[in-house]
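In what follows, a single structure is set out as structure tokens and then discussed.
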Amino acid sequence: MRIVGLMSGTSYDGVDVVAAEFTADGDTLRLRPLGHRELAYPDDLRAEIGALLPPAATTIEAVCRLDNRLGEVFAEAAAAGVELAGGTADAVVSPGQTVFHWVEDGRVRGTLQLGAPARVAARVGVPVLHDLRSADVAAGGQGAPLVPAFDALLLDPEAGARAALNLGGIANLTVVAPGAPVLGYDVGPANALLDAAARRFLDRPCDVDGARAAAGRVHAALLARLLAEPYYAAPPPKSTGKELFHGGYLDAALSGLGEPVAADDVLATLTELTARTVAGACDRHRVTEVVAAGGGVRNPTLRARLAALGAGRWRLRTTDELGVPAQAKEAYAFALLGWLSWHGLPGAVPSVTGASRAAVLGSWTPAGPSVAAPRPPAPRRLVVDA
């Protein structure tokens, strides 16, 4: 079965597109990567998304317009994925762009992703799986992270306690260990605050290669204020996003200092924040290896700091060494979730999300007649039986 997987994360900088071929071999599922592309969002679309995200106010008109514009972008990405698949695919997984994750007192009440899946289905002519988080939320779960289903299959727990780390806008961790349930949760910001600082101080979308952070010094008082965030002390299951870690959050931390902080020092401090919170989580779970993926692995300053903090306790490597491109891992994970949902198998892990049951994820938007049942003749009248 060939599936196209799309992924646009909390950094909202573009869409990762993959094509994967899945073959079931007894209780082993084989994944053959067929290719990966990155499609960047244009600047005005990034601005449109940013203008709608909390704590900004918005209108239902703006939501509708963005939903359909994103649908067109995802449709283009899905078409590129079908090309990677050799011209034919059985399904597309389009999880959409998260614009709100409703959390109250540690409980997720709802979640919203935009991306007009009907536009995707109309473009590529195959069924599209979307809205992947809501079923887990309805079962009492966090709806995130969902990638641990992929991590749990990829990492062998019998090899010892190991962690899969994703460094996107938010850093999330999956921990597998012998004889223990899979654990996974959002640790805190990875690129979210770094990118907010880059836009604020550098007028750039990011600090390329962490160069400005490398030139700065960690500001002890700012770091202490940031580390005092209650989210870090909350036990899992837990999830977060830019509803908490946004530009205004950074502004509040800086304004409380009573003194200006140089741009490079802000970036160095935020890099240290991510490295320390991630390393602390890895240490708590006593892992011996951390397998990283996501945009943050392209930041040599962050990677070097993580490696230094883990030295002597755990080894840092990337998913590239396991055959999964680090920049495309989440898109391949969503392709896997599509394979599971197609076969009626759950994709959420209750020990990760806190749900009462393992949910089959997503809703299908068909591109034509159902492939699961024979097509009846088109009805010409309706009879109501008493």
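By order of appearance in the structure tokens: chains A, B, ..., then residues from 1 within every chain, and ligands from 1 in the order shown.
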
From a DSSP pass on the backbone, collect the residues of region 36-132 of chain A flagged as alpha helix (DSSP H) and hand them back as an MDAnalysis selection string. chainID A and resid 43:52 60:84 117:124

Close residues, Ala293 (chain A) itself excluded, 9 Å, only C-alpha atoms, min 2 positions apart in chain, as a PyMOL selection string: chain A and resi 164-168+291+295-297+317-320+324-330

Export, as a short mmCIF file (atom, residue, chain, number, x, y, z; two decimals), in the first residue's frame, the selected residues with C-alpha atoms.
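Dumped everything to part_25.cif:
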data_model
loop_
_atom_site.label_atom_id
_atom_site.label_comp_id
_atom_site.auth_asym_id
_atom_site.auth_seq_id
_atom_site.Cartn_x
_atom_site.Cartn_y
_atom_site.Cartn_z
CA ALA A 164 12.92 9.45 20.37
CA LEU A 165 13.13 13.24 20.35
CA ASN A 166 11.41 15.55 17.90
CA LEU A 167 12.67 19.13 17.77
CA GLY A 168 9.97 21.05 15.95
CA VAL A 291 17.32 9.47 18.58
CA GLY A 295 14.01 20.93 12.16
CA GLY A 296 15.98 21.49 15.34
CA VAL A 297 18.58 18.88 14.37
CA ARG A 317 22.06 10.46 17.24
CA THR A 318 19.49 11.11 14.50
CA THR A 319 16.85 8.98 12.81
CA ASP A 320 18.90 9.16 9.58
CA VAL A 324 14.33 7.67 8.35
CA PRO A 325 15.34 11.17 7.19
CA ALA A 326 15.34 13.40 10.26
CA GLN A 327 13.55 16.21 8.43
CA ALA A 328 10.80 13.88 7.25
CA LYS A 329 10.22 11.65 10.27
CA GLU A 330 6.91 13.17 11.35
#

Give the answer as one residue: which of A:Ala85, A:Leu270, A:Leu34, A:Val99 has the shortest atom-to-atom distance to Leu66 (chain A), using only C-alpha atoms? A:Val99

Please identify all polymer residues within 12 Å of Ala358 (chain A), counting only C-alpha atoms, omitting same-chain residues fewer than 5 positions from it, and present them as a short mmCIF file (atom, residue, chain, number, x, y, z; two decimals) with C-alpha atoms, in the first residue's frame.
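Final output, saved to around_34.cif:
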data_model
loop_
_atom_site.label_atom_id
_atom_site.label_comp_id
_atom_site.auth_asym_id
_atom_site.auth_seq_id
_atom_site.Cartn_x
_atom_site.Cartn_y
_atom_site.Cartn_z
CA ALA A 135 -10.76 10.88 18.29
CA ASP A 136 -8.13 10.68 21.00
CA VAL A 137 -9.40 13.89 22.60
CA ALA A 138 -12.94 12.46 22.59
CA ALA A 139 -11.56 9.43 24.45
CA GLY A 140 -10.16 11.71 27.16
CA GLY A 141 -6.66 12.00 25.72
CA GLY A 143 -4.64 14.37 21.19
CA LEU A 146 0.75 11.09 18.03
CA ALA A 149 2.97 5.16 17.74
CA LEU A 340 -3.30 1.93 10.67
CA SER A 341 -6.55 3.85 10.22
CA GLY A 344 -9.16 -0.09 11.39
CA LEU A 345 -6.25 -0.22 13.81
CA PRO A 346 -5.70 2.33 16.60
CA GLY A 347 -2.97 4.90 16.15
CA ALA A 348 -3.04 6.68 19.49
CA VAL A 349 -1.17 5.24 22.47
CA PRO A 350 -3.24 5.64 25.68
CA SER A 351 -0.18 5.45 27.94
CA VAL A 352 1.07 8.52 26.05
CA THR A 353 -2.06 10.62 25.64
#

Could you check the closest approach to Ala190 (chain A) for each of A:Leu273, A:Val128, A:Leu223, A:Val208 and tell me which residue wins, using only C-alpha atoms? A:Leu273

Just asking: which residues within region 273-362 of chain A are strand (DSSP E) according to DSSP, as a ChimeraX atom specification? /A:289-293,315-318

Please produce a file of the residues just selected, as a PDB file, in the first residue's frame, where the atoms kept are N, CA and C atoms.
ATOM      1  N   GLU A 289      20.097   6.338  25.152  1.00  0.00           N
ATOM      2  CA  GLU A 289      20.255   6.824  23.782  1.00  0.00           C
ATOM      3  C   GLU A 289      19.069   7.714  23.437  1.00  0.00           C
ATOM      4  N   VAL A 290      19.359   8.791  22.709  1.00  0.00           N
ATOM      5  CA  VAL A 290      18.328   9.710  22.244  1.00  0.00           C
ATOM      6  C   VAL A 290      18.439   9.802  20.726  1.00  0.00           C
ATOM      7  N   VAL A 291      17.353   9.449  20.040  1.00  0.00           N
ATOM      8  CA  VAL A 291      17.323   9.469  18.580  1.00  0.00           C
ATOM      9  C   VAL A 291      16.491  10.670  18.156  1.00  0.00           C
ATOM     10  N   ALA A 292      17.135  11.672  17.573  1.00  0.00           N
ATOM     11  CA  ALA A 292      16.491  12.961  17.319  1.00  0.00           C
ATOM     12  C   ALA A 292      16.074  13.124  15.869  1.00  0.00           C
ATOM     13  N   ALA A 293      15.046  13.952  15.682  1.00  0.00           N
ATOM     14  CA  ALA A 293      14.554  14.309  14.354  1.00  0.00           C
ATOM     15  C   ALA A 293      13.936  15.694  14.452  1.00  0.00           C
ATOM     16  N   ARG A 315      23.628   8.876  24.583  1.00  0.00           N
ATOM     17  CA  ARG A 315      24.223   9.232  23.293  1.00  0.00           C
ATOM     18  C   ARG A 315      23.157   9.864  22.411  1.00  0.00           C
ATOM     19  N   LEU A 316      23.533  10.925  21.722  1.00  0.00           N
ATOM     20  CA  LEU A 316      22.626  11.616  20.814  1.00  0.00           C
ATOM     21  C   LEU A 316      22.935  11.219  19.379  1.00  0.00           C
ATOM     22  N   ARG A 317      21.917  10.774  18.655  1.00  0.00           N
ATOM     23  CA  ARG A 317      22.057  10.456  17.240  1.00  0.00           C
ATOM     24  C   ARG A 317      20.781  10.907  16.537  1.00  0.00           C
ATOM     25  N   THR A 318      20.693  10.713  15.220  1.00  0.00           N
ATOM     26  CA  THR A 318      19.487  11.114  14.496  1.00  0.00           C
ATOM     27  C   THR A 318      18.837   9.899  13.843  1.00  0.00           C
TER      28      THR A 318
END

Using only C-alpha atoms, pick whichever of A:Gly115, A:Gly210, A:Gly81, A:Gly26 has the shortest atom-to-atom distance to Ala304 (chain A). A:Gly210

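Each of A:Ala333, A:Leu302, A:Ala367, A:Ala281 was compared to Met7 (chain A) using only C-alpha atoms, and A:Ala333 turns out to be the nearest.
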
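Relative to CA of Ala152 (chain A), CA of Pro230 (chain A) is found at 28.2 Å.
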
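Excluding Tyr332 (chain A) and any residue on its chain fewer than 2 positions from it, the residues at most 8 Å away by only C-alpha atoms are A:Gly5, A:Val18, A:Ala19, A:Ala20, A:Ala328, A:Lys329, A:Glu330, A:Phe334, A:Ala335, A:Leu336.
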
Would you mind exporting N, CA, C and O atoms of the selected residues as an mmCIF file, in the first residue's frame?
data_model
loop_
_atom_site.group_PDB
_atom_site.id
_atom_site.type_symbol
_atom_site.label_atom_id
_atom_site.label_comp_id
_atom_site.auth_asym_id
_atom_site.auth_seq_id
_atom_site.Cartn_x
_atom_site.Cartn_y
_atom_site.Cartn_z
ATOM 1 N N GLY A 5 2.207 11.071 3.015
ATOM 2 C CA GLY A 5 2.062 11.714 4.311
ATOM 3 C C GLY A 5 2.493 13.165 4.250
ATOM 4 O O GLY A 5 3.536 13.484 3.674
ATOM 5 N N VAL A 18 6.029 13.205 2.133
ATOM 6 C CA VAL A 18 6.707 11.933 1.891
ATOM 7 C C VAL A 18 5.761 10.988 1.175
ATOM 8 O O VAL A 18 4.535 11.140 1.208
ATOM 9 N N ALA A 19 6.348 10.003 0.543
ATOM 10 C CA ALA A 19 5.596 8.861 0.023
ATOM 11 C C ALA A 19 6.237 7.611 0.595
ATOM 12 O O ALA A 19 7.470 7.513 0.680
ATOM 13 N N ALA A 20 5.396 6.694 1.020
ATOM 14 C CA ALA A 20 5.889 5.473 1.654
ATOM 15 C C ALA A 20 5.110 4.277 1.161
ATOM 16 O O ALA A 20 3.904 4.363 0.904
ATOM 17 N N ALA A 328 12.054 14.427 7.767
ATOM 18 C CA ALA A 328 10.795 13.878 7.251
ATOM 19 C C ALA A 328 10.140 12.897 8.204
ATOM 20 O O ALA A 328 9.103 12.320 7.883
ATOM 21 N N LYS A 329 10.700 12.705 9.380
ATOM 22 C CA LYS A 329 10.224 11.651 10.266
ATOM 23 C C LYS A 329 8.744 11.795 10.609
ATOM 24 O O LYS A 329 7.984 10.827 10.563
ATOM 25 N N GLU A 330 8.308 13.010 10.954
ATOM 26 C CA GLU A 330 6.907 13.174 11.347
ATOM 27 C C GLU A 330 5.966 12.899 10.176
ATOM 28 O O GLU A 330 4.881 12.336 10.360
ATOM 29 N N PHE A 334 2.990 10.116 10.148
ATOM 30 C CA PHE A 334 1.585 10.298 9.800
ATOM 31 C C PHE A 334 1.166 9.361 8.673
ATOM 32 O O PHE A 334 0.023 8.914 8.629
ATOM 33 N N ALA A 335 2.080 9.050 7.766
ATOM 34 C CA ALA A 335 1.767 8.039 6.760
ATOM 35 C C ALA A 335 1.460 6.702 7.429
ATOM 36 O O ALA A 335 0.529 5.984 7.037
ATOM 37 N N LEU A 336 2.240 6.352 8.452
ATOM 38 C CA LEU A 336 1.980 5.125 9.198
ATOM 39 C C LEU A 336 0.604 5.176 9.860
ATOM 40 O O LEU A 336 -0.151 4.187 9.828
#

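Note that CA of Arg303 (chain A) and CA of Val266 (chain A) are 17.6 Å apart.
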
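Rounded to one decimal, CA of Ala262 (chain A) and CA of Asn191 (chain A) lie 18.8 Å from each other.
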
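If only C-alpha atoms are the atoms counted, then among A:Gly258, A:Leu70, A:Gln142, A:Asp90 the closest residue to Arg109 (chain A) is A:Gln142.
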
Residue neighbourhood Arg204 (chain A), 9 Å, only C-alpha atoms, exclusion window fewer than 5 positions, as a list of chain:residue names: A:Asp195, A:Ala198, A:Arg199

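Comparing A:Ala213, A:Leu114, A:Leu254, A:Leu337 by their smallest distance to Asn299 (chain A), the closest is A:Ala213 (using only C-alpha atoms).
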